[in-house]
Amino acid sequence: MADKIERRNRPALSLHVPEPDARPGDEPDFSRIQIPAAGSVPRPDVTAQPAETHPLCFTMVRVLDDEANAVGPWDPRLDPDTLRRMLRDMMMVRAFDDRMYRAQRQGKTSFYMKSTGEEAVAVGAAHALDREDMCFPTYRQPGLLVVRDYPLVDMMCQIYSNRGDKLQGRQLPIMYSDRAHGFFTISGNLATQLPQAVGWAMASAIKGDSRIAATWVGEGSSAEGDFHSAMTFSGVYRAPVILNLVNNQWAISSFAGIAGGELTTFAARAVGYGIAGLRVDGNDPLAVYAATLWAADRARSNLGPTLIEHFTYRKEGHSTSDDPAAYRPQGAGEKWPLGDPIQRLKRHLINLGEWSDEQHESLQTQLSTEVRAAQREAEKQGVLVASTIDFPHDVRTMFEDVYAEMPWHLKEQQAQMAAELETKRK
Amino acid sequence: MTAMNMIEALNSAHDVMMARDDNVVVMGEDVGFFGGVFRVTAGLQDKYGRSRVFDAPISENGIIGVAIGMATYGLRPVAEIQFADYIYPGFDQVVSEAARIRYRTAGEWYVPLTIRSPYGGGIFGGQTHSQSPEALFAHVAGITTVIPSNPYDAKGLLISAIESDDPVVFFEPKRIYNGPFDGFFDRPVTPWSKDPRAEVPEGYYTVPIGKAAIAREGQALTVLAYGTMVHVAIATAEANGIDAEVIDLRTIVPVDIETIEQSVRKTGRCVVVHEATRTAGFGAELSALVQERCFYHLEAPVQRAAGWDTPYPHSLEWAYFPGPIRLGTAFKKALED
Ligand SMILES: Cc1ncc(C[n+]2csc(CCOP(=O)(O)OP(=O)(O)O)c2C)c(N)n1
């Protein structure tokens with residue numbers, strides 16, 4: 001059907017398809033990443049016009065310098081107890097991830113995703129938010145639950161889809177939900193949580209409430225239309241919401257360039273929507289904390305949304321279903337120029353004279369013991385067994401919660417299912 | 001002939017068509033360097049270059065909209081949606097655009113687009129890696145919906161889809177990518193290499209769109225199925241010693257009404273099966289067609305065996321899945337009096 005046109009003497013067009021700097025077999029190459037010195041970025045007043053923040057979208061808020069000292073106007077000046085608790089929370093996320101990843105490999109559940117290397121993004125934010133603020137996360141922010149002291153056993157029971165799973169085995173592992181901890185149900189469909197968070201924040205404003213909302217999205221998923229809707233609505237209504245865009249450089253096998261990050265930053269999207277924007281070193285828990293607090297104060301003062309790009313690196317596979325060695329250089333995570341968030345905060349605390357290698361070591365052991373104990377407890381309620389009809393949940397529960405009231409056809413199907421199970425048991 | 005699994009057969013269809021027609025381009029999430037999360041497009045970028053096989057941003061709306069634009073230029077895009085569960089952000093582009101461009105321009109423009117997507121459950125993928133949304137597409141005038149059940153058909157049908165001048169939604173039953181699955185989840189899976197339907201010619205051939213196949217001949221009752229359920233239906237017939245005629249529809253719209261009528265007239269009994277939720281599923285359409293056209297040949301009401309009207313649960317996967325017991329119950333009911 002291609003139109004027949006007379007070809008004038010014009011150059012032939014060609015399609016540009018972005019390619020990452022390194023592929024398997026190459027040396028990891030991060031030379032294109034520009035890292036401003038810690039402390040070099042100004043901190044606008046919380047009441048600044050959005051436009052005043054826009055230059056910040058092209059640099060990077062960093063607090064911890066190469067020696068792990070806190071410097072510059074964004075230093076949140078946290079007390080040592082808070083710093084130790086942040087360190088502990090990041091270490092807990094990592095210990096938990098390692099244990100549950102192993103459990104998946106042992107066949108105890110169907111699926112798992114780690115947040116290794118990007119623990120600071122959720123942990124730093126959760127410390128800066130109020131406990132009552134509402135979070136609309138992706139699957140890579142279990143740190144929010146850890147900071148808010150959600151029981152590890154409950155997380156594990158969800159992962160195992162076992163008898164103790166409050167979601168009754170309905171959701172894929174790690175798709176947690178807990179209203180009491182301000183943690184919105186995670187959807188498998190990417191980016192849907194963004195406009196929902198904006199709507200929750202608008203509701204809070206409509207009702208004259210004082211709580212704000214925060215949401216997270218991967219740089220890959222920020223290509224979805226939902227991102228655009230969230231930016232537009234939050235800007236129009238100045239919704240009290242923090243839009244966190246976690247740029248961990250990779251979606252599954254596609255790099256940030258495929259999501260639109262080749263020639264600009266993701267934070268820069270704030271410019272076009274006229275909302276405040278910040279770009280932070282996502283492996284610097286103090287920078288994440290400071291940026292979140294800034295955005296939260298702003299939202300609480302009715303000054304509207306902030307888009308925060310957290311610049312980080314997905315150190316391991318996307319999930320238990322992929323091997324990153326198939327699409328990026330092996331060991332790239334070790335070479336990430338912004339380092340490891342846990343190591344950086346550890347060094348910082350040691351610099352302050354508030355921590356030591358021995359304390360770190362013993363905390364590590366203590367967390368690992370805690371996680372193992374939780375695992376033993378959770379496994380008492382069973383693990384996922386894929387080929388059995390000894391289901392962990394009463395099959396009748398499958399028909400509940402489709403509607404508030406069960407309609408006749410579901411009642412009929414429920415009875416059929418019970419009969420089917422009887423036949424299967426015979 | 002080579003033994004291929006579904007993935008290899010689909011890959012081969014792409015390869016054959018890209019070699020024959022340089023208007024064929026492939027795009028989708030992770031389809032380029034990585035070759036797709038299920039490996040269906042493996043090796044194609046290497047062979048045909050980045051401007052014909054490329055990764056798309058994570059935007060199903062964008063993927064389908066852009067593919068429509070390419071198709072109106074004259075290309076034959078093959079767009080992969082990583083899981084059928086993620087097609088909804090692109091639904092408007094399918095329903096309001098791809099499906100109607102020929103009609104609203106009286107044929108001035110048309111959309112030779114293939115949208116491929118793995119669908120169905122049986123892999124413990126939870127609510128968002130297990131859905132069967134075919135009825136939503138069957139309901140849209142202007143969309144052709146194809147669902148293969150074995151490697152030979154998968155390749156031949158995909159080639160026909162790419163050659164079609166109209167938009168085709170091509171759903172691939174992911175549970176049988178590597179081997180036929182008969183619904184007995186506690187038995188070991190046999191790979192495709194042990195199955196005659198996995199003998200696939202290496203070169204070009206087509207399997208026609210709109211033509212069903214008789215997957216198992218029988219006299220006692222007609223079973224209408226597609227995708228994974230074809231295998232479950234055959235296994236159910238055999239397990240219960242029922243001489244069922246299992247029809248593999250292969251295309252659900254336009255459905256092969258002749259083959260259906262012939263079979264139902266012969267057997268006088270009919271069961272419709274699918275994995276999708278039951279209410280307003282494609283089975284409702286099939287059941288209505290059989291009733292309208294074969295009423296006086298029917299000796300019992302048409303039965304439906306389907307997924308329950310709930311989201312697809314993770315831990316209760318095998319309670320949700322319409323396996324041999326649910327099908328067996330429906331078969332027996334259709335055989336009463
Ligand atoms: C609507 C939708 N499309 C596609 C997918 C499949 N998918 C799951 S995660 C993922 C990559 C997401 O990458 P990114 O947003 O960068 O987040 P990250 O995993 O790196 O944290 C894809 C494509 C999905 N879950 N939902």
# chains A, B, ... in the order shown; residues from 1 in each chain; ligands from 1
call {"tool": "closest_atom_pairs", "arguments": {"of": "chain B", "to": "chain A", "cutoff": "9 Å", "atoms": "only C-alpha atoms", "output": "CSV"}}
result
residue,atom,partner,partner_atom,distance
B:Glu29,CA,A:Ser254,CA,7.7
B:Asp30,CA,A:Ser253,CA,5.7
B:Val31,CA,A:Ser253,CA,8.9
B:Gly32,CA,A:Ser254,CA,8.7
B:Phe33,CA,A:Tyr327,CA,7.0
B:Phe34,CA,A:Tyr327,CA,6.1
B:Gly36,CA,A:Ser253,CA,8.8
B:Val37,CA,A:Asp322,CA,8.0
B:Arg50,CA,A:Val17,CA,6.7
B:Ser51,CA,A:Leu15,CA,5.9
B:Phe54,CA,A:Val17,CA,7.1
B:Asp55,CA,A:Ser254,CA,6.9
B:Ala56,CA,A:Ile258,CA,6.6
B:Pro57,CA,A:Ala259,CA,5.1
B:Ile58,CA,A:Ala223,CA,5.4
B:Ser59,CA,A:Glu224,CA,4.5
B:Glu60,CA,A:Glu224,CA,7.4
B:Asn61,CA,A:Gly225,CA,7.3
B:Gly62,CA,A:Glu224,CA,8.0
B:Ala71,CA,A:Met1,CA,8.8
B:Thr72,CA,A:Met1,CA,7.7
B:Tyr73,CA,A:Ala2,CA,5.5
B:Gly74,CA,A:Ala2,CA,4.2
B:Leu75,CA,A:Ala2,CA,7.4
B:Asp85,CA,A:Asn189,CA,7.8
B:Tyr86,CA,A:Asn189,CA,6.5
B:Pro89,CA,A:Gly225,CA,7.8
B:Trp109,CA,A:Met1,CA,8.5
B:Tyr110,CA,A:Met1,CA,8.6
B:Ile123,CA,A:Ser110,CA,8.8
B:Phe124,CA,A:Ser110,CA,6.5
B:Gly125,CA,A:Leu172,CA,6.8
B:Gly126,CA,A:Leu172,CA,5.0
B:Gln127,CA,A:Gln171,CA,6.6
B:Thr128,CA,A:Gly188,CA,5.6
B:His129,CA,A:Gly188,CA,8.2
B:Phe185,CA,A:Ser387,CA,6.0
B:Asp186,CA,A:Ser387,CA,5.3
B:Arg187,CA,A:Ser387,CA,8.8
B:Thr279,CA,A:His409,CA,9.0
B:Trp308,CA,A:Gln413,CA,6.8
B:Asp309,CA,A:Leu410,CA,6.8
B:Thr310,CA,A:Val402,CA,6.3
B:Pro311,CA,A:Val402,CA,7.8
B:Tyr312,CA,A:Arg170,CA,7.7
B:Pro313,CA,A:Arg170,CA,4.5
B:His314,CA,A:Arg170,CA,5.0
B:Ser315,CA,A:Gly169,CA,4.8
B:Leu316,CA,A:Phe391,CA,6.5
B:Glu317,CA,A:Ala386,CA,8.5
B:Trp318,CA,A:Ile389,CA,7.2
B:Ala319,CA,A:Val395,CA,6.9
B:Tyr320,CA,A:Met398,CA,8.2
B:Ile325,CA,A:Glu420,CA,6.6
B:Arg326,CA,A:Glu420,CA,6.8
B:Thr329,CA,A:Glu420,CA,8.6
call {"tool": "residues_around", "arguments": {"residues": "Arg102 of chain B", "least_positions_apart": "4", "cutoff": "9 Å", "atoms": "only C-alpha atoms", "output": "PyMOL selection string"}}
result
chain B and resi 98+106-111+142+166
call {"tool": "atom_distance", "arguments": {"atom1": "atom CA of Gly120 of chain B", "atom2": "atom CA of Ile176 of chain B"}}
result
9.7 Å
call {"tool": "residues_around", "arguments": {"residues": "segment 215-222 of chain B", "least_positions_apart": "4", "cutoff": "12 Å", "atoms": "only C-alpha atoms", "output": "PyMOL selection string"}}
result
chain B and resi 148-150+153+197+226-227+229-238+241-250+259-273+286-287+290+297-304+330-336
call {"tool": "select_by_dssp", "arguments": {"residues": "segment 108-281 of chain B", "states": "strand (DSSP E)", "output": "JSON, numbers by chain"}}
result
{"B": [114, 115, 116, 117, 118, 119, 144, 145, 146, 168, 169, 170, 171, 172, 173, 199, 200, 213, 214, 215, 216, 221, 222, 223, 224, 225, 244, 245, 246, 247, 248, 251, 252, 253, 270, 271, 272, 273, 274, 275, 276, 277]}
